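Q: The structure file work.pdb (PDB, C-alpha atoms, pLDDT in the B column) is provided below.
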ATOM      1  CA  MET A   8       6.436  17.939   2.370  1.00 55.00           C
ATOM      2  CA  SER A   9       6.260  19.877   5.613  1.00 60.00           C
ATOM      3  CA  GLU A  10       8.919  19.654   8.305  1.00 61.00           C
ATOM      4  CA  ALA A  11       6.562  17.467  10.326  1.00 86.00           C
ATOM      5  CA  GLU A  12       6.340  14.928   7.474  1.00 87.00           C
ATOM      6  CA  GLU A  13       9.040  12.361   6.802  1.00 91.00           C
ATOM      7  CA  ILE A  14       9.472   9.356   4.524  1.00 92.00           C
ATOM      8  CA  ILE A  15      11.529   6.420   5.795  1.00 92.00           C
ATOM      9  CA  LEU A  16      12.590   3.739   3.322  1.00 93.00           C
ATOM     10  CA  CYS A  17      11.578   0.295   4.566  1.00 93.00           C
ATOM     11  CA  GLY A  18      14.187  -2.240   5.464  1.00 93.00           C
ATOM     12  CA  ILE A  19      14.134  -5.568   7.224  1.00 94.00           C
ATOM     13  CA  GLU A  20      14.653  -3.690  10.496  1.00 96.00           C
ATOM     14  CA  HIS A  21      11.080  -2.361  10.121  1.00 96.00           C
ATOM     15  CA  ALA A  22       9.370  -5.765   9.837  1.00 96.00           C
ATOM     16  CA  GLU A  23       7.938  -5.716  13.382  1.00 96.00           C
ATOM     17  CA  LEU A  24       6.615  -2.167  13.004  1.00 96.00           C
ATOM     18  CA  LEU A  25       5.039  -2.979   9.639  1.00 96.00           C
ATOM     19  CA  ALA A  26       3.391  -6.101  11.058  1.00 96.00           C
ATOM     20  CA  GLU A  27       2.034  -4.127  14.016  1.00 95.00           C
ATOM     21  CA  MET A  28       0.607  -1.411  11.760  1.00 94.00           C
ATOM     22  CA  HIS A  29      -0.798  -4.001   9.333  1.00 94.00           C
ATOM     23  CA  SER A  30      -2.582  -5.843  12.151  1.00 92.00           C
ATOM     24  CA  ARG A  31      -4.380  -2.655  13.186  1.00 91.00           C
ATOM     25  CA  SER A  32      -5.588  -2.179   9.622  1.00 89.00           C
ATOM     26  CA  PHE A  33      -6.281  -5.760   8.531  1.00 83.00           C
ATOM     27  CA  ALA A  34      -7.217  -7.570  11.741  1.00 76.00           C
ATOM     28  CA  GLY A  35      -8.376 -10.852  10.207  1.00 74.00           C
ATOM     29  CA  ALA A  36      -5.870 -10.939   7.358  1.00 78.00           C
ATOM     30  CA  ALA A  37      -2.797  -9.227   8.786  1.00 84.00           C
ATOM     31  CA  TRP A  38       0.692 -10.140   7.679  1.00 91.00           C
ATOM     32  CA  ASN A  39       3.217 -10.970  10.376  1.00 93.00           C
ATOM     33  CA  ALA A  40       6.820  -9.807  10.722  1.00 95.00           C
ATOM     34  CA  LYS A  41       8.099 -12.910   8.902  1.00 96.00           C
ATOM     35  CA  ASP A  42       5.860 -12.064   5.942  1.00 96.00           C
ATOM     36  CA  PHE A  43       7.354  -8.575   5.783  1.00 96.00           C
ATOM     37  CA  LEU A  44      10.897  -9.906   6.120  1.00 96.00           C
ATOM     38  CA  GLU A  45      10.297 -12.234   3.171  1.00 95.00           C
ATOM     39  CA  LEU A  46       8.951  -9.320   1.119  1.00 95.00           C
ATOM     40  CA  LEU A  47      11.690  -6.857   1.971  1.00 95.00           C
ATOM     41  CA  VAL A  48      14.630  -9.148   1.212  1.00 95.00           C
ATOM     42  CA  GLN A  49      13.526  -9.378  -2.439  1.00 95.00           C
ATOM     43  CA  LYS A  50      15.326  -6.806  -4.582  1.00 94.00           C
ATOM     44  CA  THR A  51      12.210  -5.952  -6.602  1.00 95.00           C
ATOM     45  CA  ASN A  52      10.185  -5.070  -3.492  1.00 97.00           C
ATOM     46  CA  LYS A  53      10.437  -1.643  -1.926  1.00 96.00           C
ATOM     47  CA  GLY A  54       8.497   0.416   0.538  1.00 96.00           C
ATOM     48  CA  PHE A  55       8.325   3.451   2.678  1.00 96.00           C
ATOM     49  CA  ILE A  56       6.845   4.468   5.972  1.00 97.00           C
ATOM     50  CA  TYR A  57       5.123   7.842   6.082  1.00 95.00           C
ATOM     51  CA  CYS A  58       5.635   9.673   9.396  1.00 94.00           C
ATOM     52  CA  ASN A  59       4.173  12.859  10.804  1.00 89.00           C
ATOM     53  CA  ASN A  60       5.894  14.429  13.805  1.00 88.00           C
ATOM     54  CA  ARG A  61       8.093  11.319  13.952  1.00 89.00           C
ATOM     55  CA  LYS A  62       5.024   9.108  14.391  1.00 92.00           C
ATOM     56  CA  PRO A  63       4.530   6.388  11.736  1.00 95.00           C
ATOM     57  CA  VAL A  64       1.040   6.902  10.330  1.00 95.00           C
ATOM     58  CA  GLY A  65       1.098   4.587   7.316  1.00 96.00           C
ATOM     59  CA  PHE A  66       3.179   2.636   4.855  1.00 97.00           C
ATOM     60  CA  ILE A  67       3.164   1.286   1.339  1.00 97.00           C
ATOM     61  CA  ILE A  68       5.047  -1.672  -0.107  1.00 97.00           C
ATOM     62  CA  TRP A  69       5.330  -2.210  -3.839  1.00 97.00           C
ATOM     63  CA  GLN A  70       7.095  -4.388  -6.381  1.00 97.00           C
ATOM     64  CA  GLU A  71       8.988  -2.741  -9.226  1.00 95.00           C
ATOM     65  CA  VAL A  72       9.784  -4.616 -12.435  1.00 94.00           C
ATOM     66  CA  VAL A  73      10.811  -3.221 -15.848  1.00 91.00           C
ATOM     67  CA  GLY A  74       9.006   0.108 -15.825  1.00 92.00           C
ATOM     68  CA  GLU A  75       5.944  -1.126 -13.931  1.00 96.00           C
ATOM     69  CA  ALA A  76       5.023  -1.354 -10.270  1.00 97.00           C
ATOM     70  CA  GLU A  77       2.367  -3.115  -8.239  1.00 97.00           C
ATOM     71  CA  ILE A  78       1.231  -2.094  -4.789  1.00 97.00           C
ATOM     72  CA  LEU A  79       1.519  -5.188  -2.599  1.00 97.00           C
ATOM     73  CA  THR A  80       0.100  -3.689   0.573  1.00 95.00           C
ATOM     74  CA  PHE A  81      -0.794  -0.251   1.820  1.00 95.00           C
ATOM     75  CA  CYS A  82      -2.310   1.004   5.036  1.00 94.00           C
ATOM     76  CA  VAL A  83      -2.845   4.021   7.223  1.00 95.00           C
ATOM     77  CA  ASP A  84      -3.157   3.474  10.950  1.00 93.00           C
ATOM     78  CA  PRO A  85      -6.841   3.668  11.974  1.00 90.00           C
ATOM     79  CA  ASP A  86      -6.030   6.524  14.385  1.00 90.00           C
ATOM     80  CA  PHE A  87      -4.834   8.641  11.432  1.00 90.00           C
ATOM     81  CA  ARG A  88      -7.473   7.923   8.823  1.00 89.00           C
ATOM     82  CA  ARG A  89      -9.543  10.602   7.095  1.00 88.00           C
ATOM     83  CA  LEU A  90      -6.726  13.139   7.492  1.00 89.00           C
ATOM     84  CA  GLY A  91      -5.366  12.975   3.944  1.00 90.00           C
ATOM     85  CA  TYR A  92      -2.450  10.638   4.625  1.00 93.00           C
ATOM     86  CA  SER A  93      -3.574   8.017   2.095  1.00 93.00           C
ATOM     87  CA  THR A  94      -3.559  10.605  -0.662  1.00 94.00           C
ATOM     88  CA  ASN A  95      -0.163  11.905   0.482  1.00 93.00           C
ATOM     89  CA  ILE A  96       1.364   8.426   0.548  1.00 94.00           C
ATOM     90  CA  ILE A  97       0.183   7.529  -2.947  1.00 95.00           C
ATOM     91  CA  ALA A  98       1.251  10.935  -4.293  1.00 94.00           C
ATOM     92  CA  LYS A  99       4.743  10.432  -2.818  1.00 93.00           C
ATOM     93  CA  LEU A 100       4.890   6.974  -4.372  1.00 95.00           C
ATOM     94  CA  PHE A 101       3.929   8.404  -7.775  1.00 95.00           C
ATOM     95  CA  GLU A 102       6.663  11.051  -7.404  1.00 94.00           C
ATOM     96  CA  TYR A 103       9.255   8.421  -6.548  1.00 94.00           C
ATOM     97  CA  LEU A 104       8.200   6.080  -9.359  1.00 95.00           C
ATOM     98  CA  ASN A 105       8.274   8.893 -11.881  1.00 93.00           C
ATOM     99  CA  GLN A 106      11.890   9.632 -10.882  1.00 93.00           C
ATOM    100  CA  VAL A 107      12.936   6.010 -11.446  1.00 92.00           C
ATOM    101  CA  SER A 108      11.167   5.750 -14.836  1.00 91.00           C
ATOM    102  CA  VAL A 109       8.225   3.600 -13.755  1.00 95.00           C
ATOM    103  CA  ASN A 110       5.286   4.547 -15.951  1.00 94.00           C
ATOM    104  CA  LYS A 111       2.500   2.144 -14.932  1.00 97.00           C
ATOM    105  CA  MET A 112       1.139   1.187 -11.509  1.00 97.00           C
ATOM    106  CA  PHE A 113      -1.138  -1.742 -10.665  1.00 98.00           C
ATOM    107  CA  LEU A 114      -3.028  -2.825  -7.563  1.00 97.00           C
ATOM    108  CA  GLU A 115      -5.855  -5.051  -6.477  1.00 96.00           C
ATOM    109  CA  VAL A 116      -8.503  -4.239  -3.915  1.00 96.00           C
ATOM    110  CA  SER A 117     -11.578  -5.947  -2.546  1.00 94.00           C
ATOM    111  CA  GLU A 118     -14.721  -4.841  -4.351  1.00 96.00           C
ATOM    112  CA  ASP A 119     -16.375  -4.140  -0.990  1.00 94.00           C
ATOM    113  CA  ASN A 120     -13.626  -1.747   0.154  1.00 92.00           C
ATOM    114  CA  ILE A 121     -15.538   1.319  -0.986  1.00 94.00           C
ATOM    115  CA  ILE A 122     -13.242   3.824   0.752  1.00 92.00           C
ATOM    116  CA  ALA A 123     -10.117   2.398  -0.924  1.00 93.00           C
ATOM    117  CA  LEU A 124     -11.846   2.202  -4.307  1.00 96.00           C
ATOM    118  CA  SER A 125     -12.835   5.870  -4.023  1.00 96.00           C
ATOM    119  CA  LEU A 126      -9.290   6.852  -3.087  1.00 95.00           C
ATOM    120  CA  TYR A 127      -7.744   4.925  -5.950  1.00 97.00           C
ATOM    121  CA  LYS A 128     -10.195   6.343  -8.488  1.00 97.00           C
ATOM    122  CA  ALA A 129      -9.487   9.865  -7.206  1.00 96.00           C
ATOM    123  CA  MET A 130      -5.756   9.180  -7.684  1.00 96.00           C
ATOM    124  CA  GLY A 131      -6.249   8.202 -11.326  1.00 96.00           C
ATOM    125  CA  PHE A 132      -6.603   4.428 -11.121  1.00 98.00           C
ATOM    126  CA  VAL A 133      -9.113   2.695 -13.386  1.00 98.00           C
ATOM    127  CA  GLU A 134     -10.528  -0.818 -13.199  1.00 98.00           C
ATOM    128  CA  ILE A 135      -8.969  -3.120 -15.790  1.00 98.00           C
ATOM    129  CA  ALA A 136     -10.059  -6.591 -14.600  1.00 98.00           C
ATOM    130  CA  ARG A 137     -11.533  -8.650 -11.777  1.00 97.00           C
ATOM    131  CA  ARG A 138     -10.623 -11.851  -9.969  1.00 96.00           C
ATOM    132  CA  SER A 139     -13.887 -13.562  -9.208  1.00 96.00           C
ATOM    133  CA  LYS A 140     -14.444 -14.628  -5.587  1.00 94.00           C
ATOM    134  CA  TYR A 141     -10.803 -13.915  -4.793  1.00 93.00           C
ATOM    135  CA  TYR A 142     -11.090 -12.698  -1.204  1.00 88.00           C
ATOM    136  CA  HIS A 143     -12.527 -15.019   1.462  1.00 86.00           C
ATOM    137  CA  LYS A 144     -14.317 -13.357   4.350  1.00 84.00           C
ATOM    138  CA  PRO A 145     -14.509 -14.749   7.895  1.00 80.00           C
ATOM    139  CA  ASP A 146     -18.200 -15.614   7.417  1.00 86.00           C
ATOM    140  CA  GLY A 147     -17.308 -17.888   4.476  1.00 87.00           C
ATOM    141  CA  SER A 148     -18.498 -15.524   1.753  1.00 91.00           C
ATOM    142  CA  THR A 149     -16.271 -14.315  -1.056  1.00 94.00           C
ATOM    143  CA  VAL A 150     -15.826 -11.024  -2.895  1.00 95.00           C
ATOM    144  CA  ASP A 151     -14.122 -10.129  -6.138  1.00 97.00           C
ATOM    145  CA  ALA A 152     -10.731  -8.497  -6.348  1.00 97.00           C
ATOM    146  CA  VAL A 153     -10.779  -5.387  -8.506  1.00 98.00           C
ATOM    147  CA  ILE A 154      -7.586  -5.001 -10.538  1.00 98.00           C
ATOM    148  CA  MET A 155      -6.741  -1.362 -11.218  1.00 98.00           C
ATOM    149  CA  SER A 156      -4.001   0.507 -13.018  1.00 98.00           C
ATOM    150  CA  ALA A 157      -2.789   4.075 -13.334  1.00 97.00           C
ATOM    151  CA  ASP A 158      -0.340   5.803 -15.624  1.00 96.00           C
ATOM    152  CA  ILE A 159       2.449   7.563 -13.748  1.00 91.00           C
TER
END
As structure tokens, how would this structure be written, given the file I've shared?
A:
Amino acid sequence: MSEAEEIILCGIEHAELLAEMHSRSFAGAAWNAKDFLELLVQKTNKGFIYCNNRKPVGFIIWQEVVGEAEILTFCVDPDFRRLGYSTNIIAKLFEYLNQVSVNKMFLEVSEDNIIALSLYKAMGFVEIARRSKYYHKPDGSTVDAVIMSADI
């Protein structure tokens, strides 16, 4: 990690920032500060904010239970996309999880989120299942959730 890069562990004091960043990434389905507070008070949920030059550029929140973890939400601010931050954030999460003896990671992603699917596949995730018509779009249509896993 370069001197310009920094990882900040998420706490309840970051709920407003997380909600603000989430709203820029998931306009129609953004979580609010209360949602993040409820997540971060649970002992099994953890997260970090990835900063560059002291500017938060993205974050990831996951749940850790008995040697496994699931990404609950993950985003990179639209102003910082396509600069490699997504890869860096997931790589840092893998490093952390490896140190705390987590050996399996899970996530779910909308089947129409081609950019995220490509990223996850490049990071070693494979599709293991689907949830049919799981995500509801503003136009009333639905798309499947792709369930993926990766060995750490």
Q: Atom CA of A:Phe43 to atom CA of A:Asp84: how many Å, to one decimal?
A: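 Taking atom CA of A:Phe43 as the start and atom CA of A:Asp84 as the end point, the length is 16.8 Å.
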Q: Which is closer to A:Gly35 than all the others in A:Ile159, A:Val72, A:Val153, A:Asp146, using only C-alpha atoms?
A: A:Asp146
Q: Could you check how far atom CA of A:Tyr142 sits from atom CA of A:Lys53, in Å to one decimal?
A: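 Taking atom CA of A:Tyr142 and atom CA of A:Lys53, their separation equals 24.2 Å.
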Q: Check the smallest atom-to-atom distance from each of A:Ile19, A:Met112, A:Val150, A:Leu90 to A:Asn59 using all atoms listed in the file, then report the winner.
A: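 Ranked by minimum distance to A:Asn59, first place goes to A:Leu90.
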Q: Can you tell me which residues surround stretch 126-139 of chain A at a distance of at most 9 Å, considering all atoms listed in the file, apart from same-chain residues fewer than 3 positions away, and format the answer as a tab-separated table (two decimals) with C-alpha atoms, keeping the file's coordinate frame?
A:
chain	number	residue	atom	x	y	z
A	93	SER	CA	-3.57	8.02	2.10
A	94	THR	CA	-3.56	10.60	-0.66
A	97	ILE	CA	0.18	7.53	-2.95
A	98	ALA	CA	1.25	10.94	-4.29
A	112	MET	CA	1.14	1.19	-11.51
A	113	PHE	CA	-1.14	-1.74	-10.66
A	114	LEU	CA	-3.03	-2.82	-7.56
A	115	GLU	CA	-5.86	-5.05	-6.48
A	118	GLU	CA	-14.72	-4.84	-4.35
A	121	ILE	CA	-15.54	1.32	-0.99
A	122	ILE	CA	-13.24	3.82	0.75
A	123	ALA	CA	-10.12	2.40	-0.92
A	142	TYR	CA	-11.09	-12.70	-1.20
A	149	THR	CA	-16.27	-14.32	-1.06
A	150	VAL	CA	-15.83	-11.02	-2.90
A	151	ASP	CA	-14.12	-10.13	-6.14
A	152	ALA	CA	-10.73	-8.50	-6.35
A	153	VAL	CA	-10.78	-5.39	-8.51
A	154	ILE	CA	-7.59	-5.00	-10.54
A	155	MET	CA	-6.74	-1.36	-11.22
A	156	SER	CA	-4.00	0.51	-13.02
A	157	ALA	CA	-2.79	4.08	-13.33
A	158	ASP	CA	-0.34	5.80	-15.62
Q: Give as number ranges by chain every residue, naming chains and numbers as the document does, that has an atom within 8 Å of (2.8, -6.0, 4.8), counting only C-alpha atoms.
A: A: 25-26, 29, 37-39, 42-43, 46, 68, 79-81
Q: Generate the output file for the selected residues, C-alpha atoms, as an mmCIF file, in the coordinates of the input.
A:
data_model
loop_
_atom_site.group_PDB
_atom_site.id
_atom_site.type_symbol
_atom_site.label_atom_id
_atom_site.label_comp_id
_atom_site.auth_asym_id
_atom_site.auth_seq_id
_atom_site.Cartn_x
_atom_site.Cartn_y
_atom_site.Cartn_z
ATOM 1 C CA LEU A 25 5.039 -2.979 9.639
ATOM 2 C CA ALA A 26 3.391 -6.101 11.058
ATOM 3 C CA HIS A 29 -0.798 -4.001 9.333
ATOM 4 C CA ALA A 37 -2.797 -9.227 8.786
ATOM 5 C CA TRP A 38 0.692 -10.140 7.679
ATOM 6 C CA ASN A 39 3.217 -10.970 10.376
ATOM 7 C CA ASP A 42 5.860 -12.064 5.942
ATOM 8 C CA PHE A 43 7.354 -8.575 5.783
ATOM 9 C CA LEU A 46 8.951 -9.320 1.119
ATOM 10 C CA ILE A 68 5.047 -1.672 -0.107
ATOM 11 C CA LEU A 79 1.519 -5.188 -2.599
ATOM 12 C CA THR A 80 0.100 -3.689 0.573
ATOM 13 C CA PHE A 81 -0.794 -0.251 1.820
#
